[in-house]
>>> print(open('coords.csv').read())   # CSV, C-alpha atoms
chain,number,residue,atom,x,y,z
V,45,MET,CA,7.7,-38.5,-14.7
V,46,GLU,CA,7.6,-37.7,-11.1
V,47,TYR,CA,6.8,-39.9,-8.1
V,48,ARG,CA,6.8,-40.2,-4.4
V,49,ARG,CA,7.1,-43.3,-2.3
V,50,PHE,CA,5.0,-44.0,0.9
V,51,GLY,CA,6.2,-47.3,2.4
V,52,ASN,CA,5.3,-50.0,-0.1
V,53,LYS,CA,3.1,-47.7,-2.3
V,54,ILE,CA,4.5,-45.4,-5.0
V,55,VAL,CA,2.3,-42.7,-6.5
V,56,VAL,CA,3.5,-41.8,-10.0
V,57,ARG,CA,2.7,-39.0,-12.5
V,58,ILE,CA,3.8,-39.6,-16.1
V,59,ASP,CA,3.6,-36.5,-18.3
V,60,MET,CA,2.2,-35.8,-21.8
V,61,GLY,CA,4.2,-37.4,-24.6
V,62,GLU,CA,6.1,-39.8,-22.3
V,63,ASP,CA,6.3,-43.5,-23.1
V,64,MET,CA,4.7,-45.1,-20.1
V,65,PHE,CA,6.6,-48.3,-20.5
V,66,ALA,CA,10.0,-46.5,-20.5
V,67,ALA,CA,9.0,-44.4,-17.5
V,68,LEU,CA,7.8,-47.5,-15.6
V,69,LYS,CA,11.0,-49.4,-16.3
V,70,THR,CA,13.1,-46.4,-15.1
V,71,LEU,CA,11.1,-46.2,-11.9
V,72,ALA,CA,11.3,-49.9,-11.3
V,73,GLU,CA,15.1,-49.8,-11.7
V,74,GLN,CA,15.5,-46.7,-9.5
V,75,GLU,CA,13.4,-48.2,-6.8
V,76,LYS,CA,14.7,-51.7,-7.2
V,77,ILE,CA,11.2,-53.2,-7.7
V,78,LEU,CA,11.2,-56.9,-8.3
V,79,LEU,CA,7.5,-57.6,-7.7
V,80,ALA,CA,4.6,-55.2,-7.7
V,81,GLU,CA,1.0,-54.6,-8.7
V,82,VAL,CA,0.2,-51.6,-11.0
V,83,GLY,CA,-3.0,-49.7,-11.3
V,84,GLY,CA,-3.7,-46.4,-13.1
V,85,LEU,CA,-5.8,-43.9,-15.1
V,86,GLY,CA,-5.2,-40.9,-17.3
V,87,THR,CA,-5.0,-40.6,-21.1
V,88,PHE,CA,-3.2,-42.1,-24.1
V,89,SER,CA,-2.4,-40.3,-27.3
V,90,HIS,CA,-1.2,-43.6,-28.7
V,91,MET,CA,-1.8,-47.1,-27.6
V,92,ASN,CA,-1.4,-50.6,-28.9
V,93,VAL,CA,-3.8,-53.1,-27.3
V,94,GLY,CA,-4.8,-56.6,-28.4
V,95,VAL,CA,-5.3,-60.2,-27.7
V,96,TYR,CA,-3.1,-63.3,-27.6
V,97,ASP,CA,-3.7,-65.8,-30.4
V,98,LEU,CA,-3.1,-69.2,-28.8
V,99,ASN,CA,-3.0,-71.0,-32.2
V,100,GLU,CA,-0.4,-68.6,-33.7
V,101,ARG,CA,1.3,-68.1,-30.3
V,102,ARG,CA,1.6,-64.3,-30.7
V,103,PHE,CA,-0.2,-61.1,-29.7
V,104,LYS,CA,-2.3,-59.4,-32.3
V,105,GLY,CA,-2.3,-55.8,-31.5
V,106,ASN,CA,-4.3,-52.8,-32.7
V,107,ASP,CA,-2.8,-49.3,-32.9
V,108,PHE,CA,-5.0,-46.4,-31.8
V,109,ASP,CA,-4.0,-42.7,-32.1
V,110,GLY,CA,-6.0,-39.7,-30.8
V,111,MET,CA,-7.1,-38.9,-27.3
V,112,PHE,CA,-8.2,-41.9,-25.3
V,113,GLU,CA,-9.4,-41.7,-21.7
V,114,ILE,CA,-8.1,-44.7,-19.7
V,115,VAL,CA,-11.0,-46.6,-18.2
V,116,SER,CA,-8.8,-49.2,-16.6
V,117,LEU,CA,-5.1,-50.0,-16.4
V,118,THR,CA,-3.9,-52.9,-14.4
V,119,GLY,CA,-0.9,-55.2,-14.3
V,120,THR,CA,2.2,-56.5,-12.7
V,121,ILE,CA,5.9,-55.7,-12.5
V,122,ASN,CA,8.2,-58.7,-11.9
V,123,THR,CA,11.2,-60.4,-13.5
V,124,MET,CA,12.1,-62.8,-16.2
V,125,ASN,CA,15.5,-64.4,-16.1
V,126,GLY,CA,16.2,-61.9,-13.3
V,127,GLU,CA,15.5,-58.9,-15.6
V,128,TYR,CA,12.7,-56.3,-15.4
V,129,TYR,CA,9.4,-57.4,-16.8
V,130,ALA,CA,6.0,-55.7,-17.0
V,131,HIS,CA,2.7,-57.2,-18.0
V,132,LEU,CA,-0.2,-54.6,-18.4
V,133,HIS,CA,-3.7,-54.6,-19.7
V,134,ALA,CA,-5.7,-51.5,-20.4
V,135,SER,CA,-9.0,-50.3,-21.8
V,136,ALA,CA,-9.5,-46.7,-23.0
V,137,ALA,CA,-12.4,-44.8,-24.5
V,138,ASP,CA,-12.6,-42.4,-27.4
V,139,ALA,CA,-14.7,-39.2,-27.5
V,140,ALA,CA,-17.7,-41.2,-28.7
V,141,GLY,CA,-17.5,-43.6,-25.8
V,142,ASN,CA,-16.2,-46.5,-27.7
V,143,VAL,CA,-13.9,-48.6,-25.5
V,144,PHE,CA,-10.9,-50.5,-26.8
V,145,GLY,CA,-8.7,-52.7,-24.8
V,146,GLY,CA,-6.6,-55.8,-24.1
V,147,HIS,CA,-3.0,-56.6,-23.6
V,148,LEU,CA,-1.1,-53.3,-23.6
V,149,SER,CA,2.0,-53.3,-25.8
V,150,GLU,CA,2.6,-49.6,-26.3
V,151,GLY,CA,1.3,-46.5,-24.5
V,152,ILE,CA,2.2,-42.8,-25.0
V,153,VAL,CA,0.6,-40.5,-22.5
V,154,GLY,CA,-1.9,-38.0,-23.8
V,155,ALA,CA,-2.5,-35.3,-21.1
V,156,THR,CA,-1.3,-37.1,-18.0
V,157,MET,CA,-1.2,-40.5,-16.3
V,158,GLU,CA,-1.5,-41.4,-12.7
V,159,LEU,CA,-0.3,-44.8,-11.4
V,160,VAL,CA,-0.3,-46.4,-8.0
V,161,ILE,CA,2.2,-49.1,-7.6
V,162,THR,CA,2.1,-51.5,-4.7
V,163,VAL,CA,5.5,-53.1,-4.1
V,164,ILE,CA,5.3,-56.7,-2.8
V,165,ASP,CA,8.1,-58.0,-0.6
V,166,GLY,CA,9.4,-60.9,-2.6
V,167,THR,CA,10.2,-62.1,-6.1
V,168,VAL,CA,8.3,-64.1,-8.7
V,169,ASP,CA,10.2,-64.7,-11.9
V,170,ARG,CA,8.6,-65.7,-15.3
V,171,VAL,CA,9.3,-68.6,-17.6
V,172,LYS,CA,8.2,-69.4,-21.1
V,173,ASP,CA,5.4,-71.9,-21.0
V,174,ASP,CA,5.7,-74.6,-23.7
V,175,LYS,CA,1.9,-75.3,-23.8
V,176,THR,CA,0.9,-71.7,-24.5
V,177,GLY,CA,4.0,-69.8,-25.6
V,178,LEU,CA,3.3,-67.2,-22.9
V,179,ASN,CA,5.7,-65.9,-20.2
V,180,ILE,CA,4.0,-67.2,-17.0
V,181,PHE,CA,4.7,-66.8,-13.3
V,182,HIS,CA,7.3,-69.4,-12.1
V,183,PHE,CA,7.0,-70.2,-8.4
>>> encode(input="coords.csv", output="structure tokens")
Amino acid sequence: MEYRRFGNKIVVRIDMGEDMFAALKTLAEQEKILLAEVGGLGTFSHMNVGVYDLNERRFKGNDFDGMFEIVSLTGTINTMNGEYYAHLHASAADAAGNVFGGHLSEGIVGATMELVITVIDGTVDRVKDDKTGLNIFHF
């Protein structure tokens, strides 16, 4: 991973074979990011995306391996109990144009990944919501 900061924007390149979640956490810790918006594109060689089952109160993910072109990647970086937390969603297409997506739990970079992170001046922690079981913004 390499990156450059321009004021409140950070432009990031994550390289082939890197775990994007590990790279994002390293970056957030190095730059002391407590609140940010994340957007990106590139490729995955492995991803786990899925949906939250409200009745079972758990994410149901699907693993995909191969080369997938990221159609959209968006999310937030913030904190939970004062510790780093990232919440990302992605959709990515296979060679036939089939798109798979949802809540992103795992992402290994295929050829490359480009992210733009907008750092927000402030903090918003998360708290476990009793109604849904989700970790939601706590203002």
>>> closest_residue(input="coords.csv", among="V:Val153, V:Val171, V:Leu159, V:Ala80", to="V:Arg57", atoms="all atoms listed in the file")
V:Leu159
>>> closest_residue(input="coords.csv", among="V:Glu113, V:Thr123, V:Leu178, V:Thr156", to="V:Ile58", atoms="only C-alpha atoms")
V:Thr156
>>> residues_around(input="coords.csv", residues="V:Asn142", least_positions_apart="2", cutoff="12 Å", atoms="all atoms listed in the file", output="PDB file with C-alpha atoms, in the frame of the given file")
ATOM      1  CA  PHE V 108      -5.000 -46.400 -31.800  1.00  0.00           C
ATOM      2  CA  MET V 111      -7.100 -38.900 -27.300  1.00  0.00           C
ATOM      3  CA  PHE V 112      -8.200 -41.900 -25.300  1.00  0.00           C
ATOM      4  CA  GLU V 113      -9.400 -41.700 -21.700  1.00  0.00           C
ATOM      5  CA  ILE V 114      -8.100 -44.700 -19.700  1.00  0.00           C
ATOM      6  CA  VAL V 115     -11.000 -46.600 -18.200  1.00  0.00           C
ATOM      7  CA  SER V 135      -9.000 -50.300 -21.800  1.00  0.00           C
ATOM      8  CA  ALA V 136      -9.500 -46.700 -23.000  1.00  0.00           C
ATOM      9  CA  ALA V 137     -12.400 -44.800 -24.500  1.00  0.00           C
ATOM     10  CA  ASP V 138     -12.600 -42.400 -27.400  1.00  0.00           C
ATOM     11  CA  ALA V 139     -14.700 -39.200 -27.500  1.00  0.00           C
ATOM     12  CA  ALA V 140     -17.700 -41.200 -28.700  1.00  0.00           C
ATOM     13  CA  PHE V 144     -10.900 -50.500 -26.800  1.00  0.00           C
ATOM     14  CA  GLY V 145      -8.700 -52.700 -24.800  1.00  0.00           C
TER      15      GLY V 145
END
>>> atom_distance(input="coords.csv", atom1="atom CA of V:Val168", atom2="atom CA of V:Asn52")
16.8 Å
>>> residues_near_point(input="coords.csv", point="(-8.9, -45.7, -13.7)", cutoff="8 Å", atoms="only C-alpha atoms", output="list in words")
Gly83, Gly84, Leu85, Gly86, Ile114, Val115, Ser116 and Leu117 of chain V
>>> atom_distance(input="coords.csv", atom1="atom CA of V:His131", atom2="atom CA of V:Leu148")
7.8 Å
>>> closest_residue(input="coords.csv", among="V:Tyr129, V:Phe50, V:Tyr96, V:Phe65", to="V:Thr176", atoms="all atoms listed in the file")
V:Tyr96
>>> closest_residue(input="coords.csv", among="V:Asn179, V:Ser149, V:Thr162, V:Asn99", to="V:Ile121", atoms="only C-alpha atoms")
V:Thr162
>>> atom_distance(input="coords.csv", atom1="atom CA of V:Leu78", atom2="atom CA of V:Asn122")
5.0 Å
>>> residues_around(input="coords.csv", residues="V:Ile152", least_positions_apart="5", cutoff="9 Å", atoms="only C-alpha atoms", output="PDB file with C-alpha atoms, in the coordinates of the input")
ATOM      1  CA  MET V  60       2.200 -35.800 -21.800  1.00  0.00           C
ATOM      2  CA  GLY V  61       4.200 -37.400 -24.600  1.00  0.00           C
ATOM      3  CA  GLU V  62       6.100 -39.800 -22.300  1.00  0.00           C
ATOM      4  CA  ASP V  63       6.300 -43.500 -23.100  1.00  0.00           C
ATOM      5  CA  MET V  64       4.700 -45.100 -20.100  1.00  0.00           C
ATOM      6  CA  PHE V  65       6.600 -48.300 -20.500  1.00  0.00           C
ATOM      7  CA  THR V  87      -5.000 -40.600 -21.100  1.00  0.00           C
ATOM      8  CA  PHE V  88      -3.200 -42.100 -24.100  1.00  0.00           C
ATOM      9  CA  SER V  89      -2.400 -40.300 -27.300  1.00  0.00           C
ATOM     10  CA  HIS V  90      -1.200 -43.600 -28.700  1.00  0.00           C
ATOM     11  CA  MET V  91      -1.800 -47.100 -27.600  1.00  0.00           C
TER      12      MET V  91
END
>>> residues_around(input="coords.csv", residues="V:Val82", least_positions_apart="4", cutoff="12 Å", atoms="only C-alpha atoms", output="VMD selection string")
chain V and resid 53 to 56 65 68 72 77 116 to 122 130 to 134 158 to 164
>>> closest_residue(input="coords.csv", among="V:Ile180, V:Ala66, V:Leu98, V:Met45", to="V:Met124", atoms="only C-alpha atoms")
V:Ile180
>>> closest_residue(input="coords.csv", among="V:Tyr47, V:Lys172, V:Tyr128, V:Asp109", to="V:Lys69", atoms="all atoms listed in the file")
V:Tyr128
>>> residues_around(input="coords.csv", residues="V:Gly105", least_positions_apart="4", cutoff="6 Å", atoms="all atoms listed in the file", output="list in words")
Asn92, Val93 and Gly94 of chain V
